[in-house]
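**Student:** So that we are looking at the same thing, I have put the structure below in structure tokens.
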Amino acid sequence: MASSTGSPAPEARRRRTRSRHAASGRAPAHRRRQWIPPQHGAWAMLLVPYLAGLLTAGFSWPALPLLVTWIAGYLLSYYALLSVKTRRLSRFRRQVLVYGGTAAAAGAVVLLMRPELLVFAPIFATALLVNGLFAARRDDRALLNGLVSVAAATLIVPVVAMVAGESPWTANEVVAITFLYFAGTVLFVKSCIRERDSARLFGASVGFHAGAAALAAWLNPVYALPFTWYLARAVVLRRRRYSAKQIGIIEVASSVLLLAAVAATT
């Protein structure tokens, strides 16, 4: 039955959409988002510091359950914070239970092998508390909240080092480099997409990247190359008004460049 405008009725459109998804073997987008957050940049912030830690300290088998804990912990925090933001815990109860159970099980394996990792628990808990306060205010996209998330993500570098049996202090340089890159990325992405008309944020982004480039080169001349590129992209690309997808592709390349530099210094 058609509507008065001549377009198919909503129920007919829904049936055709379900048929297309069934034929393609893909779940509808809203169903995927029930279990996979639509935040592509978050995956880079999860995996790049973890890989940087492996490049710095080497691989040991507890790094595998650590990776499961790390990813499940992110998924748990995403849906838990979303329930705080929306005031609808019941809507995300399944995700919280599944991801919480997975993180607890995998984390128990890691702690059984490296109980000294508990020293990091208060720091992660503090970061989560800050994220929760911003979520409760429905201001989770605030710059400070983003920087706190970056700091928490960067903390996985010394965790990986300890899992490998190394001192967490051996990863100090890589921790600093990783934080500088992702903190700059937060500023860069905001200046290109959500606040592209803010001259103040653009100035802050360029200033931060200039300082980060100088500090990175001082820590190790190898880092001068990637951080010079990060500064150039902060200055030039914002004016070209790229789409979010194009910015994402650029950041994938930037992340690979960072890992290549870390590998070259180890």
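Naming works like this for the structure tokens: A, B, ... for the chains as they're shown, residue 1 at the start of each chain, ligands 1 onward in shown order.
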Give me the range 61-146 of chain A side of the contact with range 34-43 of chain A, cut-off 8 Å, one line per residue showing its nearest atom pair and distance in Å at one decimal, counting only C-alpha atoms, sorted by chain and residue number, as JSON lines.

**Tutor:**
{"residue": "A:Leu75", "atom": "CA", "partner": "A:Pro37", "partner_atom": "CA", "distance": 7.6}
{"residue": "A:Tyr78", "atom": "CA", "partner": "A:Pro37", "partner_atom": "CA", "distance": 7.4}
{"residue": "A:Gln95", "atom": "CA", "partner": "A:Trp35", "partner_atom": "CA", "distance": 6.7}

**Student:** Residues of range 105-191 of chain A within 9 Å of range 44-48 of chain A: nearest atom pair and distance (Å, one decimal) for each, counting only C-alpha atoms, sorted by chain and number, as a Markdown table?

**Tutor:**
| residue | atom | partner | partner_atom | distance |
| --- | --- | --- | --- | --- |
| A:Ser149 | CA | A:Met45 | CA | 9.0 |
| A:Val150 | CA | A:Met45 | CA | 7.3 |
| A:Ala153 | CA | A:Leu46 | CA | 6.2 |
| A:Thr154 | CA | A:Met45 | CA | 8.0 |
| A:Ile156 | CA | A:Leu46 | CA | 8.5 |
| A:Thr178 | CA | A:Val48 | CA | 8.3 |
| A:Phe182 | CA | A:Met45 | CA | 7.3 |

**Student:** Write to file, as a PDB file, in the first residue's frame, the residues of the selection just made, with N, CA, C and O atoms.

**Tutor:**
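So selection.pdb came out as:
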ATOM      1  N   SER A 149      40.777  10.703  28.123  1.00  0.00           N
ATOM      2  CA  SER A 149      40.692   9.403  27.439  1.00  0.00           C
ATOM      3  C   SER A 149      42.008   9.060  26.762  1.00  0.00           C
ATOM      4  O   SER A 149      42.440   7.901  26.762  1.00  0.00           O
ATOM      5  N   VAL A 150      42.666  10.058  26.172  1.00  0.00           N
ATOM      6  CA  VAL A 150      43.966   9.840  25.548  1.00  0.00           C
ATOM      7  C   VAL A 150      44.986   9.394  26.589  1.00  0.00           C
ATOM      8  O   VAL A 150      45.771   8.456  26.358  1.00  0.00           O
ATOM      9  N   ALA A 153      44.335   5.817  27.496  1.00  0.00           N
ATOM     10  CA  ALA A 153      44.731   4.908  26.415  1.00  0.00           C
ATOM     11  C   ALA A 153      46.241   4.751  26.359  1.00  0.00           C
ATOM     12  O   ALA A 153      46.767   3.648  26.144  1.00  0.00           O
ATOM     13  N   THR A 154      46.962   5.841  26.574  1.00  0.00           N
ATOM     14  CA  THR A 154      48.421   5.812  26.523  1.00  0.00           C
ATOM     15  C   THR A 154      48.999   4.960  27.646  1.00  0.00           C
ATOM     16  O   THR A 154      50.086   4.390  27.519  1.00  0.00           O
ATOM     17  N   ILE A 156      48.360   2.115  28.492  1.00  0.00           N
ATOM     18  CA  ILE A 156      48.531   0.697  28.161  1.00  0.00           C
ATOM     19  C   ILE A 156      49.975   0.403  27.773  1.00  0.00           C
ATOM     20  O   ILE A 156      50.421  -0.755  27.853  1.00  0.00           O
ATOM     21  N   THR A 178      53.456   8.820  22.289  1.00  0.00           N
ATOM     22  CA  THR A 178      52.088   8.373  21.976  1.00  0.00           C
ATOM     23  C   THR A 178      51.054   9.373  22.480  1.00  0.00           C
ATOM     24  O   THR A 178      50.075   9.680  21.784  1.00  0.00           O
ATOM     25  N   PHE A 182      48.310  11.487  20.067  1.00  0.00           N
ATOM     26  CA  PHE A 182      46.857  11.386  20.180  1.00  0.00           C
ATOM     27  C   PHE A 182      46.223  12.653  20.751  1.00  0.00           C
ATOM     28  O   PHE A 182      45.100  13.000  20.379  1.00  0.00           O
TER      29      PHE A 182
END

**Student:** Return as a PyMOL selection string the full set of residues in range 75-173 of chain A whose backbone-based DSSP assignment is alpha helix (DSSP H).

**Tutor:** chain A and resi 75-86+93-113+121-136+143-154+156-163+172-173

**Student:** May I have the selected residues written with C-alpha atoms, as a PDB file, in the first residue's frame?

**Tutor:**
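Everything below was put into result.pdb:
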ATOM      1  CA  LEU A  75      33.459  -1.792  24.979  1.00  0.00           C
ATOM      2  CA  LEU A  76      32.252  -2.100  28.569  1.00  0.00           C
ATOM      3  CA  SER A  77      33.133   1.529  29.318  1.00  0.00           C
ATOM      4  CA  TYR A  78      31.481   2.758  26.120  1.00  0.00           C
ATOM      5  CA  TYR A  79      28.113   1.177  26.852  1.00  0.00           C
ATOM      6  CA  ALA A  80      28.306   1.883  30.587  1.00  0.00           C
ATOM      7  CA  LEU A  81      28.987   5.559  29.903  1.00  0.00           C
ATOM      8  CA  LEU A  82      26.268   5.588  27.260  1.00  0.00           C
ATOM      9  CA  SER A  83      23.809   4.282  29.841  1.00  0.00           C
ATOM     10  CA  VAL A  84      24.878   7.093  32.177  1.00  0.00           C
ATOM     11  CA  LYS A  85      24.487   9.664  29.421  1.00  0.00           C
ATOM     12  CA  THR A  86      21.051   8.451  28.336  1.00  0.00           C
ATOM     13  CA  ARG A  93      22.370  -4.115  30.314  1.00  0.00           C
ATOM     14  CA  ARG A  94      23.265  -6.997  27.963  1.00  0.00           C
ATOM     15  CA  GLN A  95      26.302  -5.209  26.566  1.00  0.00           C
ATOM     16  CA  VAL A  96      27.522  -4.237  30.037  1.00  0.00           C
ATOM     17  CA  LEU A  97      27.142  -7.824  31.308  1.00  0.00           C
ATOM     18  CA  VAL A  98      28.741  -9.493  28.271  1.00  0.00           C
ATOM     19  CA  TYR A  99      31.667  -7.113  27.919  1.00  0.00           C
ATOM     20  CA  GLY A 100      32.077  -6.795  31.677  1.00  0.00           C
ATOM     21  CA  GLY A 101      32.223 -10.569  32.073  1.00  0.00           C
ATOM     22  CA  THR A 102      34.713 -10.891  29.223  1.00  0.00           C
ATOM     23  CA  ALA A 103      36.970  -8.160  30.625  1.00  0.00           C
ATOM     24  CA  ALA A 104      36.828  -9.702  34.119  1.00  0.00           C
ATOM     25  CA  ALA A 105      37.666 -13.215  32.898  1.00  0.00           C
ATOM     26  CA  ALA A 106      40.544 -12.151  30.650  1.00  0.00           C
ATOM     27  CA  GLY A 107      41.786  -9.646  33.221  1.00  0.00           C
ATOM     28  CA  ALA A 108      41.890 -12.339  35.904  1.00  0.00           C
ATOM     29  CA  VAL A 109      44.261 -14.366  33.720  1.00  0.00           C
ATOM     30  CA  VAL A 110      46.563 -11.376  33.290  1.00  0.00           C
ATOM     31  CA  LEU A 111      46.546 -10.491  36.991  1.00  0.00           C
ATOM     32  CA  LEU A 112      47.257 -14.099  37.911  1.00  0.00           C
ATOM     33  CA  MET A 113      50.501 -13.791  35.951  1.00  0.00           C
ATOM     34  CA  ALA A 121      43.891   0.346  38.753  1.00  0.00           C
ATOM     35  CA  PRO A 122      43.429   3.658  40.623  1.00  0.00           C
ATOM     36  CA  ILE A 123      44.602   5.627  37.579  1.00  0.00           C
ATOM     37  CA  PHE A 124      42.217   3.876  35.198  1.00  0.00           C
ATOM     38  CA  ALA A 125      39.417   4.226  37.757  1.00  0.00           C
ATOM     39  CA  THR A 126      40.052   7.966  38.031  1.00  0.00           C
ATOM     40  CA  ALA A 127      39.960   8.390  34.267  1.00  0.00           C
ATOM     41  CA  LEU A 128      36.708   6.418  34.095  1.00  0.00           C
ATOM     42  CA  LEU A 129      35.225   8.568  36.845  1.00  0.00           C
ATOM     43  CA  VAL A 130      36.072  11.736  34.915  1.00  0.00           C
ATOM     44  CA  ASN A 131      34.547  10.249  31.754  1.00  0.00           C
ATOM     45  CA  GLY A 132      31.450   9.347  33.768  1.00  0.00           C
ATOM     46  CA  LEU A 133      31.054  12.886  35.079  1.00  0.00           C
ATOM     47  CA  PHE A 134      31.227  14.291  31.552  1.00  0.00           C
ATOM     48  CA  ALA A 135      28.758  11.636  30.339  1.00  0.00           C
ATOM     49  CA  ALA A 136      26.341  12.520  33.134  1.00  0.00           C
ATOM     50  CA  LEU A 143      38.139  18.677  24.944  1.00  0.00           C
ATOM     51  CA  LEU A 144      39.207  17.867  28.507  1.00  0.00           C
ATOM     52  CA  ASN A 145      37.278  14.612  28.430  1.00  0.00           C
ATOM     53  CA  GLY A 146      39.009  13.664  25.196  1.00  0.00           C
ATOM     54  CA  LEU A 147      42.438  14.381  26.656  1.00  0.00           C
ATOM     55  CA  VAL A 148      41.656  12.282  29.735  1.00  0.00           C
ATOM     56  CA  SER A 149      40.692   9.403  27.439  1.00  0.00           C
ATOM     57  CA  VAL A 150      43.966   9.840  25.548  1.00  0.00           C
ATOM     58  CA  ALA A 151      45.937   9.706  28.793  1.00  0.00           C
ATOM     59  CA  ALA A 152      44.138   6.507  29.820  1.00  0.00           C
ATOM     60  CA  ALA A 153      44.731   4.908  26.415  1.00  0.00           C
ATOM     61  CA  THR A 154      48.421   5.812  26.523  1.00  0.00           C
ATOM     62  CA  ILE A 156      48.531   0.697  28.161  1.00  0.00           C
ATOM     63  CA  VAL A 157      52.142   1.191  26.983  1.00  0.00           C
ATOM     64  CA  PRO A 158      53.742   0.702  30.437  1.00  0.00           C
ATOM     65  CA  VAL A 159      51.157  -2.005  31.177  1.00  0.00           C
ATOM     66  CA  VAL A 160      52.373  -3.968  28.143  1.00  0.00           C
ATOM     67  CA  ALA A 161      55.946  -3.430  29.311  1.00  0.00           C
ATOM     68  CA  MET A 162      55.164  -4.878  32.745  1.00  0.00           C
ATOM     69  CA  VAL A 163      53.332  -7.824  31.184  1.00  0.00           C
ATOM     70  CA  ASN A 172      58.624   6.507  29.212  1.00  0.00           C
ATOM     71  CA  GLU A 173      59.716   7.919  25.857  1.00  0.00           C
TER      72      GLU A 173
END

**Student:** May I ask which of the residues A:Gly203, A:Pro115, A:Gly73, A:Pro221 is the closest one to Gly165 in chain A, counting only C-alpha atoms?

**Tutor:**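 Nearest to Gly165 in chain A: A:Pro115.
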
**Student:** With distances taken over only C-alpha atoms, which of A:Val175, A:Ala213, A:Ala260, A:Leu51 is nearest to Leu67 in chain A?

**Tutor:**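 Answer, going by the shortest atom-to-atom distance: A:Leu51.
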
**Student:** What's the separation between CA of Arg194 in chain A and CA of Leu257 in chain A, in Å to one decimal place?

**Tutor:**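 CA of Leu257 in chain A lies at a distance of 25.1 Å from CA of Arg194 in chain A.
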